[in-house]
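Undergrad: The structure that follows is given in the form of structure tokens.
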Amino acid sequence: MNFITEATVKAVKHLYNTDIAAADINLQETRKEFEGQLTIITFPFTRFSKKSPEQTGTDIGAFLQNELAEVSGFNVIKGFLNISLADSYWVNQLYTEISSDKFAVSEPNGKKVMVEYSSPNTNKPLHLGHVRNNLLGFSVAEILGAAGYEVIKANLVNDRGIHICKSMLAWQKFGNGETPESSGMKGDHLVGKYYVIFDQEYKKQIEELRTAGQTEDDAKKNAPVIKEAQDMLLKWEAGDEAVIGLWKTMNKWVYTGFAETYRKMGVTFDKFYYESDTYLLGKDIIEEGLEKGVFFKKDDGSVWIDLTADGLDEKLVLRSDGTSVYITQDMGTAQLKYNDFHMDKSIYVVGNEQDYHFKVLFLILQKLGKAGADGLFHLSYGMVDLPSGKMKSREGTVVDADDLMAGMEDAAKQQALDIGKMEGFSETEKEHLYHTIGMGALKYFLLKVDPKKRILFNPQESIELQGHTGPFIQYTHARIKSVLNKAGFKGKGAEGNYTALEPAERDIIVLLTQFPEIIKNAAESYSPAIVANYVYELAKAYNKFYQDTPILKVDDENVKQFRLQLSAATAKVINKAMKLLGIEVPERM
RNA sequence: GGUCCCAUAGCUCAGCUGGAUAGAGCAACAGAUUUCUAAUCUGUCGGUCUCAGGUUCGAAUCCUGAUGGGAUCACCA
């Protein structure tokens, strides 16, 4: 809508002899209850027009109508100048801009961005919280790609540490050689089972020690199983063959399980990092920081950074025994990633309980003057909680990712069978459709909400399939496809002479023209929710149009062709927008 | 205690860098199918935008403070 703002600048210059910047013009969509599609707010102009807002609007409106062929009319209400653009303009937009192959396709901007997400621990299966993380990360990566970035999707796997030793130890003690094959369990679930068993055993031993008179803290330290697990970790670090062998075996089980979950979820990665490779990194950066005076050493040999001037605390970056802490490792990994890809931006998709950690990490890297430090961003999202409280893997109070996805498919199946429109589908088509709809519902449910907000998930009230949901949008797409197929509509139709648009038609075109801007906004704010809410508006507008406007049943061939073109363009944008959310749209449902 | 995030209809959420009478979905109620897919559409009901100040022509939006909820402040990861 540049030409409107440009002409308005001209109008202000001509009428009031004042220079204003295009950015000073407040141009917005006209509210539905008024006539017009674009609105300019005239209050700010009254300062130099020295006239009432109404008169100012009228003056500018008249100028614009006179100046621009596209402007077919205007009205002024209070200080709002509502501009109507000619139907011919909107029809032309549909046939040229929107129907072009280049529509909403950004030129590569020459910039690289890494999106790190998922980042699972290999001691337990993925749960609902991970699902939000994965869907967010994948979608943000898609959106950045659509906005012109070269995107690297990275997964930093936390494959070592005390938590993995716990699973390993419990398996050794109580597993009796159980394997995914022998038990028929998915590998990650099998390993997760032993993580829970460890915790039960641990708790039992703590209880025993306490009844024997120890304090809770002592009991926690002295329980035999925790000592054994710590022992195992030391052996792992020393490269003990038996421990490493078990570790590799059990991790492999987990990876096979994860691969299956990722496939179902529809997320992918370009690059895997493993903490077993990176956990020793970062010590050279400690040296560097000491030399630069960013860090300081205390008498006991521990290394710190003082962030009190930045409103934070003093933070330990290296233990007195010279070993790394979490943040040391993360500094090293950041360096490693940058060396690998030299990306301009690096997005960490991690829950908001680590807000403080990333604030500190980024600040340190900036103070060290690290390349790429300015492009770091923590995409922080709220936890997914259950009505019963926080999810805890150890206690088994989690909504398992695999169970959840299977449950969604079941719900989709049940719904489809209730409606009873599955005839003409083969068995494999049916299965695929249930999966598409179930996942569509789940993904949309988690992505339509602003990432910052925490989600309260109630398993009893299953995720909706009607209303503001993924399936609603999928259904709209299927509907359009059905019409297009019946008409034998292929690609771009001949441009008709249709110039008397129905309001519903105009609304759709206006929405379609906004798509490129939506992608841009979503990319800048790393928010799939913007895309999700947009595509819902579009689907709603189309359904309204569909309900009371005949497409195939009109006699006038020009009108029919136009409506088919409009439908095809809508289907395309729905498809594309849903793809940015990682959601498939079916041809029929 | 310090810091950060959140608070909008009974429930789940939109509301972009301040703009018109604060919008959707669900739930409840009433309607629409001889018509291209009714997983749809239309209507009714539902609000002191947590509270109190401030900024200004104008505040759900920006600022300050309070209240409520969550997170975090380990020589854990």
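Just remember, in the structure tokens the first chain shown is A, the second B, etc., residues are 1-based per chain, and ligands are 1-based in the order shown.
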Env of stretch 29-38 of chain B: 12 Å cut, atoms = only C-alpha atoms (C1' of nucleotides), seq-sep filter 4 positions within chain, self excluded. Answer as a CSV table (one decimal) with C-alpha atoms (C1' of nucleotides), in the first residue's frame.

TA:
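Heads up, here's the output in selection_22.csv:
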```
chain,number,residue,atom,x,y,z
A,419,ILE,CA,-19.6,-37.7,10.6
A,420,GLY,CA,-19.5,-40.7,8.3
A,421,LYS,CA,-17.8,-39.3,5.2
A,422,MET,CA,-14.9,-41.7,4.8
A,475,TYR,CA,-11.4,-28.6,6.0
A,476,THR,CA,-11.5,-25.2,4.3
A,477,HIS,CA,-8.7,-26.3,2.1
A,478,ALA,CA,-10.3,-29.6,1.2
A,479,ARG,CA,-13.5,-27.8,0.4
A,480,ILE,CA,-11.8,-25.5,-2.0
A,481,LYS,CA,-10.0,-28.4,-3.7
A,482,SER,CA,-13.2,-30.2,-4.1
A,483,VAL,CA,-14.7,-27.2,-6.0
A,484,LEU,CA,-11.6,-26.8,-8.1
A,485,ASN,CA,-11.6,-30.5,-9.0
A,486,LYS,CA,-15.3,-30.4,-10.0
A,487,ALA,CA,-14.6,-27.4,-12.2
A,543,ASN,CA,-16.1,-20.2,4.5
A,546,TYR,CA,-18.4,-20.1,0.2
A,547,GLN,CA,-21.6,-20.3,2.2
A,548,ASP,CA,-23.6,-17.7,0.4
A,549,THR,CA,-21.9,-17.2,-2.9
A,550,PRO,CA,-22.3,-19.7,-5.7
A,551,ILE,CA,-19.2,-20.6,-7.6
A,552,LEU,CA,-20.0,-23.3,-10.1
A,553,LYS,CA,-23.6,-22.4,-10.3
A,554,VAL,CA,-23.3,-19.0,-11.8
A,560,LYS,CA,-17.2,-18.2,-12.4
A,563,ARG,CA,-14.3,-17.1,-8.2
A,564,LEU,CA,-12.3,-20.2,-9.1
A,567,SER,CA,-10.6,-20.0,-4.5
A,587,GLU,CA,-6.9,-32.7,-0.6
A,588,ARG,CA,-10.2,-34.0,0.8
A,589,MET,CA,-11.6,-34.9,4.1
B,42,U,C1',-26.2,-17.0,10.6
B,43,G,C1',-28.2,-15.0,15.1
B,44,U,C1',-28.8,-14.4,20.7
B,45,C,C1',-26.4,-14.4,25.4
```

Undergrad: Need to verify the contact set: A:Tyr444, 8 Å, only C-alpha atoms (C1' of nucleotides), exclusion of same-chain residues closer than 6 positions in sequence. Can you return it as a PyMOL selection string?

TA: chain A and resi 469-470+532+581+583

Undergrad: I'd like to know which of A:Asp306, A:Glu33, A:Glu275, A:Asp240 is closest to A:Ser119, using only C-alpha atoms.

TA: A:Glu275

Undergrad: If we count only C-alpha atoms (C1' of nucleotides), what is near stretch 499-512 of chain A at a cut-off of 6 Å, once residues fewer than 5 positions away on the same chain are taken out, given as a list in words?

TA: Asp87, Ser88 and Phe545 of chain A

Undergrad: Can you check which residues of chain B have any atom within 8 Å of chain A? Use only C-alpha atoms (C1' of nucleotides) and format it as a list in words.

TA: U3, C4, C5, C6, C13, A14, G19, A20, A24, G25, C26, C36, U37, A39, U40, C41, C57, A71, U72, C75 and A77 of chain B

Undergrad: Hey, what does DSSP flag as strand (DSSP E or B) within stretch 348-518 of chain A? Can you give it to me as an MDAnalysis selection string?

TA: chainID A and resid 348:351 376:381 384:386 389 392 397 400 455:456

Undergrad: When you draw a straight line from atom CA of A:Gly369 to atom CA of A:Ile285, how long is it in Å?

TA: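 Taking atom CA of A:Gly369 as the start and atom CA of A:Ile285 as the end point, the length is 11.5 Å.
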
Undergrad: Using only C-alpha atoms (C1' of nucleotides), which residues sit within 12 Å of stretch 48-53 of chain B once same-chain residues fewer than 3 positions away are excluded, as a list of chain:residue names?

TA: B:C6, B:A7, B:U8, B:A9, B:G15, B:A22, B:G23, B:A59, B:A60, B:U61, B:C63, B:U64, B:G65, B:A66, B:U67, B:G68, B:G69

Undergrad: Using only C-alpha atoms (C1' of nucleotides), which protein or nucleic acid residues come within 12 Å of B:G10? Drop anything in the same chain fewer than 2 positions from it, and give the result as number ranges by chain.

TA: B: 12, 26-28, 45-47

Undergrad: May I have the selected residues written with N, CA, C and O atoms (P, O5', C5', C4', C3', O3' and C1' of nucleotides), as a compact mmCIF listing (two decimals), in the first residue's frame?

TA:
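Full text of part02.txt as output:
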```txt
# COMPACT_ATOMS: atom_id res chain seq x y z
P U B 12 -8.97 -20.72 30.99
O5' U B 12 -8.80 -20.96 29.42
C5' U B 12 -8.54 -22.27 28.93
C4' U B 12 -8.29 -22.21 27.44
C3' U B 12 -7.37 -21.08 26.99
O3' U B 12 -6.00 -21.43 27.15
C1' U B 12 -9.28 -21.13 25.60
P C B 26 -17.33 -22.69 17.90
O5' C B 26 -16.98 -23.23 19.36
C5' C B 26 -16.10 -24.33 19.54
C4' C B 26 -15.86 -24.57 21.01
C3' C B 26 -17.12 -24.80 21.85
O3' C B 26 -17.58 -26.12 21.74
C1' C B 26 -15.70 -23.26 22.96
P A B 27 -19.15 -26.38 21.63
O5' A B 27 -19.64 -25.96 23.09
C5' A B 27 -19.19 -26.68 24.23
C4' A B 27 -19.66 -25.98 25.48
C3' A B 27 -21.14 -25.63 25.52
O3' A B 27 -21.93 -26.74 25.89
C1' A B 27 -19.88 -23.75 26.17
P A B 28 -23.27 -27.03 25.08
O5' A B 28 -24.21 -25.81 25.54
C5' A B 28 -24.56 -25.67 26.91
C4' A B 28 -25.49 -24.50 27.08
C3' A B 28 -26.61 -24.41 26.04
O3' A B 28 -27.70 -25.25 26.35
C1' A B 28 -25.58 -22.29 26.29
P C B 45 -27.89 -10.11 22.62
O5' C B 45 -27.48 -11.08 23.81
C5' C B 45 -28.48 -11.51 24.76
C4' C B 45 -27.90 -12.58 25.65
C3' C B 45 -26.60 -12.22 26.34
O3' C B 45 -26.81 -11.42 27.49
C1' C B 45 -26.44 -14.39 25.41
P G B 46 -26.03 -10.02 27.63
O5' G B 46 -24.58 -10.43 28.08
C5' G B 46 -24.38 -11.06 29.35
C4' G B 46 -23.14 -11.91 29.30
C3' G B 46 -21.83 -11.15 29.13
O3' G B 46 -21.37 -10.65 30.38
C1' G B 46 -21.88 -13.01 27.66
P G B 47 -21.20 -9.10 30.57
O5' G B 47 -19.84 -9.06 31.42
C5' G B 47 -18.69 -9.72 31.01
C4' G B 47 -17.49 -8.80 31.04
C3' G B 47 -17.74 -7.38 31.52
O3' G B 47 -16.74 -7.01 32.45
C1' G B 47 -16.70 -7.36 29.39
```

Undergrad: When DSSP is applied to the backbone of this structure, which of stretch 148-321 of chain A are assigned alpha helix (DSSP H)? Write them out as a PyMOL selection string.

TA: chain A and resi 162-174+180-183+187-211+216-222+224-238+241-265+275-278+283-292
